[in-house]
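Shown next: input.cif, given as mmCIF, C-alpha atoms.
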data_entry
#
loop_
_atom_site.group_PDB
_atom_site.id
_atom_site.type_symbol
_atom_site.label_atom_id
_atom_site.label_comp_id
_atom_site.auth_asym_id
_atom_site.auth_seq_id
_atom_site.Cartn_x
_atom_site.Cartn_y
_atom_site.Cartn_z
ATOM 1 C CA MET A 1 109.777 118.735 95.083
ATOM 2 C CA THR A 2 108.176 120.899 97.782
ATOM 3 C CA ARG A 3 106.189 119.558 100.684
ATOM 4 C CA SER A 4 103.082 121.618 99.967
ATOM 5 C CA SER A 5 100.001 121.043 102.098
ATOM 6 C CA LYS A 6 97.901 121.460 98.923
ATOM 7 C CA THR A 7 99.133 118.125 97.607
ATOM 8 C CA LEU A 8 99.667 116.377 100.927
ATOM 9 C CA HIS A 9 97.847 113.065 101.289
ATOM 10 C CA GLN A 10 97.842 110.666 104.231
ATOM 11 C CA LEU A 11 96.951 106.978 104.018
ATOM 12 C CA ILE A 12 96.853 104.649 107.025
ATOM 13 C CA TYR A 13 96.470 100.931 106.501
ATOM 14 C CA CYS A 14 96.926 97.648 108.292
ATOM 15 C CA SER A 15 98.023 94.299 106.934
ATOM 16 C CA ARG A 16 98.876 90.878 108.279
ATOM 17 C CA VAL A 17 102.562 90.091 108.518
ATOM 18 C CA ARG A 18 103.554 87.159 106.305
ATOM 19 C CA ILE A 19 107.126 86.876 107.527
ATOM 20 C CA PRO A 20 108.101 83.873 109.665
ATOM 21 C CA TRP A 21 109.052 84.918 113.203
ATOM 22 C CA PRO A 22 112.783 84.120 113.003
ATOM 23 C CA ASP A 23 113.143 86.244 109.847
ATOM 24 C CA GLN A 24 111.087 89.289 110.919
ATOM 25 C CA GLU A 25 113.904 91.489 112.155
ATOM 26 C CA ARG A 26 115.988 90.939 109.014
ATOM 27 C CA GLU A 27 113.005 91.383 106.686
ATOM 28 C CA VAL A 28 111.818 94.568 108.413
ATOM 29 C CA ALA A 29 115.357 95.960 108.076
ATOM 30 C CA GLN A 30 115.153 95.204 104.339
ATOM 31 C CA ILE A 31 111.735 96.884 104.140
ATOM 32 C CA LEU A 32 113.174 99.995 105.804
ATOM 33 C CA ALA A 33 116.188 100.102 103.486
ATOM 34 C CA ALA A 34 114.005 99.780 100.384
ATOM 35 C CA SER A 35 111.517 102.306 101.777
ATOM 36 C CA ALA A 36 114.232 104.880 102.421
ATOM 37 C CA ALA A 37 115.536 104.452 98.880
ATOM 38 C CA ASN A 38 112.046 104.708 97.332
ATOM 39 C CA ASN A 39 110.389 107.222 99.648
ATOM 40 C CA GLU A 40 112.883 110.061 99.786
ATOM 41 C CA PRO A 41 112.806 110.843 96.047
ATOM 42 C CA ALA A 42 109.002 110.360 96.064
ATOM 43 C CA ASP A 43 108.615 112.779 99.029
ATOM 44 C CA VAL A 44 106.829 110.063 101.047
ATOM 45 C CA THR A 45 107.246 109.898 104.812
ATOM 46 C CA GLY A 46 105.687 107.646 107.407
ATOM 47 C CA LEU A 47 105.856 105.256 110.288
ATOM 48 C CA LEU A 48 105.538 101.466 110.274
ATOM 49 C CA LEU A 49 104.345 99.645 113.381
ATOM 50 C CA LEU A 50 104.787 95.892 113.781
ATOM 51 C CA HIS A 51 102.775 94.302 116.565
ATOM 52 C CA ASP A 52 101.250 90.922 117.240
ATOM 53 C CA GLY A 53 101.395 89.705 113.632
ATOM 54 C CA TRP A 54 100.201 92.989 112.113
ATOM 55 C CA PHE A 55 101.657 95.969 110.311
ATOM 56 C CA VAL A 56 99.994 99.350 110.837
ATOM 57 C CA GLN A 57 101.483 102.093 108.712
ATOM 58 C CA ALA A 58 100.973 105.738 107.851
ATOM 59 C CA LEU A 59 102.161 107.047 104.491
ATOM 60 C CA GLU A 60 102.263 110.787 103.750
ATOM 61 C CA GLY A 61 103.137 112.736 100.638
ATOM 62 C CA PRO A 62 101.787 113.661 97.216
ATOM 63 C CA VAL A 63 98.646 111.632 96.526
ATOM 64 C CA GLU A 64 99.959 109.810 93.458
ATOM 65 C CA ASN A 65 103.190 108.824 95.216
ATOM 66 C CA VAL A 66 101.366 107.636 98.340
ATOM 67 C CA LEU A 67 98.968 105.517 96.260
ATOM 68 C CA THR A 68 101.852 104.086 94.222
ATOM 69 C CA THR A 69 103.669 103.191 97.440
ATOM 70 C CA TYR A 70 100.556 101.584 98.906
ATOM 71 C CA GLY A 71 100.041 99.572 95.707
ATOM 72 C CA ARG A 72 103.610 98.294 95.919
ATOM 73 C CA ILE A 73 103.002 97.290 99.554
ATOM 74 C CA CYS A 74 99.806 95.406 98.702
ATOM 75 C CA ASN A 75 101.698 93.436 96.067
ATOM 76 C CA ASP A 76 104.538 92.619 98.475
ATOM 77 C CA PRO A 77 104.316 88.961 99.598
ATOM 78 C CA ARG A 78 105.334 90.006 103.126
ATOM 79 C CA HIS A 79 101.900 91.639 103.504
ATOM 80 C CA ASN A 80 98.482 89.995 103.447
ATOM 81 C CA GLU A 81 94.947 91.301 103.920
ATOM 82 C CA CYS A 82 95.790 94.974 103.338
ATOM 83 C CA LYS A 83 93.015 97.267 104.546
ATOM 84 C CA VAL A 84 92.918 101.060 104.285
ATOM 85 C CA LEU A 85 91.854 102.545 107.633
ATOM 86 C CA SER A 86 91.862 106.154 106.414
ATOM 87 C CA ALA A 87 92.956 108.095 103.367
ATOM 88 C CA GLY A 88 92.633 111.678 102.304
ATOM 89 C CA PRO A 89 94.123 115.143 102.296
ATOM 90 C CA ALA A 90 96.190 116.180 105.303
ATOM 91 C CA GLU A 91 97.000 119.666 106.551
ATOM 92 C CA HIS A 92 100.463 118.661 107.777
ATOM 93 C CA ARG A 93 102.759 115.674 108.094
ATOM 94 C CA SER A 94 102.471 113.710 111.320
ATOM 95 C CA PHE A 95 105.541 111.612 110.502
ATOM 96 C CA GLY A 96 107.651 114.028 108.482
ATOM 97 C CA ALA A 97 110.838 113.279 110.400
ATOM 98 C CA TRP A 98 111.207 109.902 108.722
ATOM 99 C CA ASN A 99 111.280 108.609 105.145
ATOM 100 C CA MET A 100 110.247 105.491 107.014
ATOM 101 C CA CYS A 101 110.603 104.495 110.607
ATOM 102 C CA ALA A 102 109.672 101.124 112.048
ATOM 103 C CA ARG A 103 108.848 100.162 115.578
ATOM 104 C CA ARG A 104 107.777 96.933 117.191
ATOM 105 C CA LEU A 105 105.633 97.288 120.315
ATOM 106 C CA THR A 106 107.151 95.504 123.275
ATOM 107 C CA PRO A 107 105.538 94.510 126.589
ATOM 108 C CA THR A 108 106.850 97.764 128.071
ATOM 109 C CA ASP A 109 104.868 99.663 125.412
ATOM 110 C CA ASP A 110 101.579 98.145 126.601
ATOM 111 C CA ALA A 111 100.783 101.497 128.222
ATOM 112 C CA ILE A 112 100.295 102.895 124.706
ATOM 113 C CA LEU A 113 97.583 100.359 123.942
ATOM 114 C CA GLN A 114 95.972 100.789 127.364
ATOM 115 C CA THR A 115 95.939 104.573 127.024
ATOM 116 C CA LEU A 116 94.187 104.187 123.693
ATOM 117 C CA GLN A 117 91.769 101.695 125.263
ATOM 118 C CA MET A 118 93.000 98.827 123.097
ATOM 119 C CA LYS A 119 92.941 96.009 125.583
ATOM 120 C CA GLY A 120 92.902 92.352 124.698
ATOM 121 C CA LEU A 121 93.547 90.998 121.231
ATOM 122 C CA PHE A 122 95.231 93.490 118.871
ATOM 123 C CA GLU A 123 92.870 93.820 115.891
ATOM 124 C CA PRO A 124 93.918 96.881 113.881
ATOM 125 C CA PHE A 125 91.406 96.159 111.105
ATOM 126 C CA ARG A 126 88.728 97.241 113.618
ATOM 127 C CA LEU A 127 90.346 100.643 114.225
ATOM 128 C CA THR A 128 88.826 103.815 112.894
ATOM 129 C CA GLY A 129 91.150 106.135 111.022
ATOM 130 C CA LYS A 130 91.310 108.445 114.062
ATOM 131 C CA GLN A 131 92.187 105.572 116.398
ATOM 132 C CA ALA A 132 94.906 104.317 114.041
ATOM 133 C CA LEU A 133 96.378 107.816 113.758
ATOM 134 C CA ARG A 134 96.357 108.222 117.554
ATOM 135 C CA LEU A 135 98.113 104.865 117.924
ATOM 136 C CA LEU A 136 100.817 105.788 115.411
ATOM 137 C CA GLN A 137 101.244 109.252 116.960
ATOM 138 C CA ALA A 138 101.734 107.645 120.390
ATOM 139 C CA VAL A 139 104.318 105.301 118.882
ATOM 140 C CA ARG A 140 105.969 108.334 117.249
ATOM 141 C CA GLY A 141 106.324 109.903 120.697
ATOM 142 C CA VAL A 142 107.987 106.783 122.102
ATOM 143 C CA GLN A 143 110.286 106.534 119.070
ATOM 144 C CA ARG A 144 111.357 110.185 119.359
ATOM 145 C CA GLY A 145 112.039 109.732 123.072
ATOM 146 C CA GLN A 146 114.294 106.760 122.354
ATOM 147 C CA GLU A 147 116.127 108.645 119.612
ATOM 148 C CA LEU A 148 116.743 111.584 121.966
ATOM 149 C CA ARG A 149 118.058 109.286 124.699
ATOM 150 C CA ARG A 150 120.437 107.622 122.232
ATOM 151 C CA ALA A 151 121.678 110.997 120.931
ATOM 152 C CA GLY A 152 122.146 112.484 124.444
#

Have the structure of the file written as structure tokens, please.
Amino acid sequence: MTRSSKTLHQLIYCSRVRIPWPDQEREVAQILAASAANNEPADVTGLLLLHDGWFVQALEGPVENVLTTYGRICNDPRHNECKVLSAGPAEHRSFGAWNMCARRLTPTDDAILQTLQMKGLFEPFRLTGKQALRLLQAVRGVQRGQELRRAG
């Protein structure tokens, strides 16, 4: 399957995390493993952010595959209160390097939220699509930097 911009669709959503704190790391690892297995053959890429009891995720790929993936997520008991922040055609992939990548914001990543003027309580359901994309792109930059440091 080719990654044609004619069929490229991007969907960004947020949802509440329904995983007890002690199990989050293990469960997110399972989400990533299942995502990699499902997303590569479906030509879906993206980035998953976990912060302050919320998931924020971008999904990119052919429209039908992205919507199928999002439907599966909404039916997953580890997610609650799914809300689409933006959805529509995309000219290019913002997260094409990963079939799925996950990142948890840490206190040292607070500069990301401050730069995006997201101070105080993290409420992703209030983000516009542009704000959510900027947040995930900033997280992408941090993730790439960490991957480069590990490789070098």

Identify all residues satisfying the PyMOL selection byres ((chain A and resi 73-86) around 10) in the given file; provide them as a PyMOL selection string. chain A and resi 10-20+24+27-28+31+54-58+67-72+87-88+124-133

Given the PyMOL selection byres ((chain A and resi 99) around 6) and the file above, list the residues it selects as a PyMOL selection string. chain A and resi 36+39-40+45+98+100

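Pairwise distance (CA of Pro41 (chain A), CA of Arg140 (chain A)) equals 22.4 Å.
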
Box for region 32-47 of chain A: with edges along x, y and z, all listed atoms inside and 4 Å added on each side, what are the centre and edge lengths in Å to one decimal, as JSON?
{"center_x": 110.9, "center_y": 106.3, "center_z": 103.2, "size_x": 18.5, "size_y": 21.0, "size_z": 22.2}

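Atom pair CA of Gln30 (chain A) / CA of Ala90 (chain A) has a distance of 28.3 Å (rounded to one decimal).
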
One residue among A:Gly46, A:Pro22, A:Gly53, A:Pro62 is nearest to Ser94 (chain A) when using all atoms listed in the file, and that residue is A:Gly46

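One distance worth recording is that between CA of Cys101 (chain A) and CA of Trp21 (chain A), which is 19.8 Å.
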
In terms of only C-alpha atoms, the residue from A:Ala138, A:Gly61, A:Val66, A:Ile112 at minimal distance from Gly96 (chain A) is A:Gly61

Pick out the closest residue to Glu64 (chain A) from this set: A:Ala151, A:Ala33, A:Ala42, A:Val139. Count all atoms listed in the file. A:Ala42

Since the input is missing atoms for region 26-44 of chain A, could you rebuild it with N, CA, C and O atoms and give the result as a short mmCIF file (atom, residue, chain, number, x, y, z; two decimals), in the frame of the given file?
data_model
loop_
_atom_site.label_atom_id
_atom_site.label_comp_id
_atom_site.auth_asym_id
_atom_site.auth_seq_id
_atom_site.Cartn_x
_atom_site.Cartn_y
_atom_site.Cartn_z
N ARG A 26 115.22 90.76 110.25
CA ARG A 26 115.99 90.94 109.01
C ARG A 26 115.11 91.49 107.90
O ARG A 26 115.49 92.42 107.18
N GLU A 27 113.91 90.94 107.75
CA GLU A 27 113.00 91.38 106.69
C GLU A 27 112.54 92.83 106.90
O GLU A 27 112.45 93.59 105.95
N VAL A 28 112.24 93.19 108.14
CA VAL A 28 111.82 94.57 108.41
C VAL A 28 112.96 95.53 108.11
O VAL A 28 112.76 96.61 107.57
N ALA A 29 114.20 95.13 108.42
CA ALA A 29 115.36 95.96 108.08
C ALA A 29 115.45 96.14 106.56
O ALA A 29 115.75 97.24 106.08
N GLN A 30 115.15 95.10 105.80
CA GLN A 30 115.15 95.20 104.34
C GLN A 30 114.02 96.11 103.85
O GLN A 30 114.21 96.89 102.91
N ILE A 31 112.86 96.00 104.49
CA ILE A 31 111.74 96.88 104.14
C ILE A 31 112.13 98.34 104.36
O ILE A 31 111.88 99.21 103.52
N LEU A 32 112.76 98.62 105.50
CA LEU A 32 113.17 100.00 105.80
C LEU A 32 114.20 100.51 104.81
O LEU A 32 114.12 101.66 104.37
N ALA A 33 115.16 99.68 104.45
CA ALA A 33 116.19 100.10 103.49
C ALA A 33 115.56 100.41 102.13
O ALA A 33 115.85 101.45 101.52
N ALA A 34 114.67 99.55 101.67
CA ALA A 34 114.00 99.78 100.38
C ALA A 34 113.09 101.01 100.47
O ALA A 34 113.03 101.81 99.53
N SER A 35 112.41 101.16 101.60
CA SER A 35 111.52 102.31 101.78
C SER A 35 112.29 103.61 101.73
O SER A 35 111.85 104.58 101.10
N ALA A 36 113.42 103.66 102.42
CA ALA A 36 114.23 104.88 102.42
C ALA A 36 114.67 105.23 101.00
O ALA A 36 114.60 106.39 100.59
N ALA A 37 115.08 104.22 100.25
CA ALA A 37 115.54 104.45 98.88
C ALA A 37 114.39 104.92 97.98
O ALA A 37 114.57 105.78 97.13
N ASN A 38 113.20 104.36 98.17
CA ASN A 38 112.05 104.71 97.33
C ASN A 38 111.34 105.98 97.80
O ASN A 38 110.86 106.76 96.98
N ASN A 39 111.24 106.16 99.11
CA ASN A 39 110.39 107.22 99.65
C ASN A 39 110.99 108.62 99.58
O ASN A 39 110.28 109.58 99.35
N GLU A 40 112.29 108.73 99.79
CA GLU A 40 112.88 110.06 99.79
C GLU A 40 112.68 110.77 98.45
O GLU A 40 112.18 111.89 98.42
N PRO A 41 113.03 110.14 97.32
CA PRO A 41 112.81 110.84 96.05
C PRO A 41 111.32 111.05 95.73
O PRO A 41 110.96 111.97 94.99
N ALA A 42 110.45 110.23 96.31
CA ALA A 42 109.00 110.36 96.06
C ALA A 42 108.35 111.32 97.06
O ALA A 42 107.14 111.55 96.98
N ASP A 43 109.12 111.86 98.01
CA ASP A 43 108.62 112.78 99.03
C ASP A 43 107.55 112.11 99.90
O ASP A 43 106.56 112.72 100.28
N VAL A 44 107.75 110.82 100.19
CA VAL A 44 106.83 110.06 101.05
C VAL A 44 107.50 109.85 102.40
O VAL A 44 108.67 109.45 102.45
#
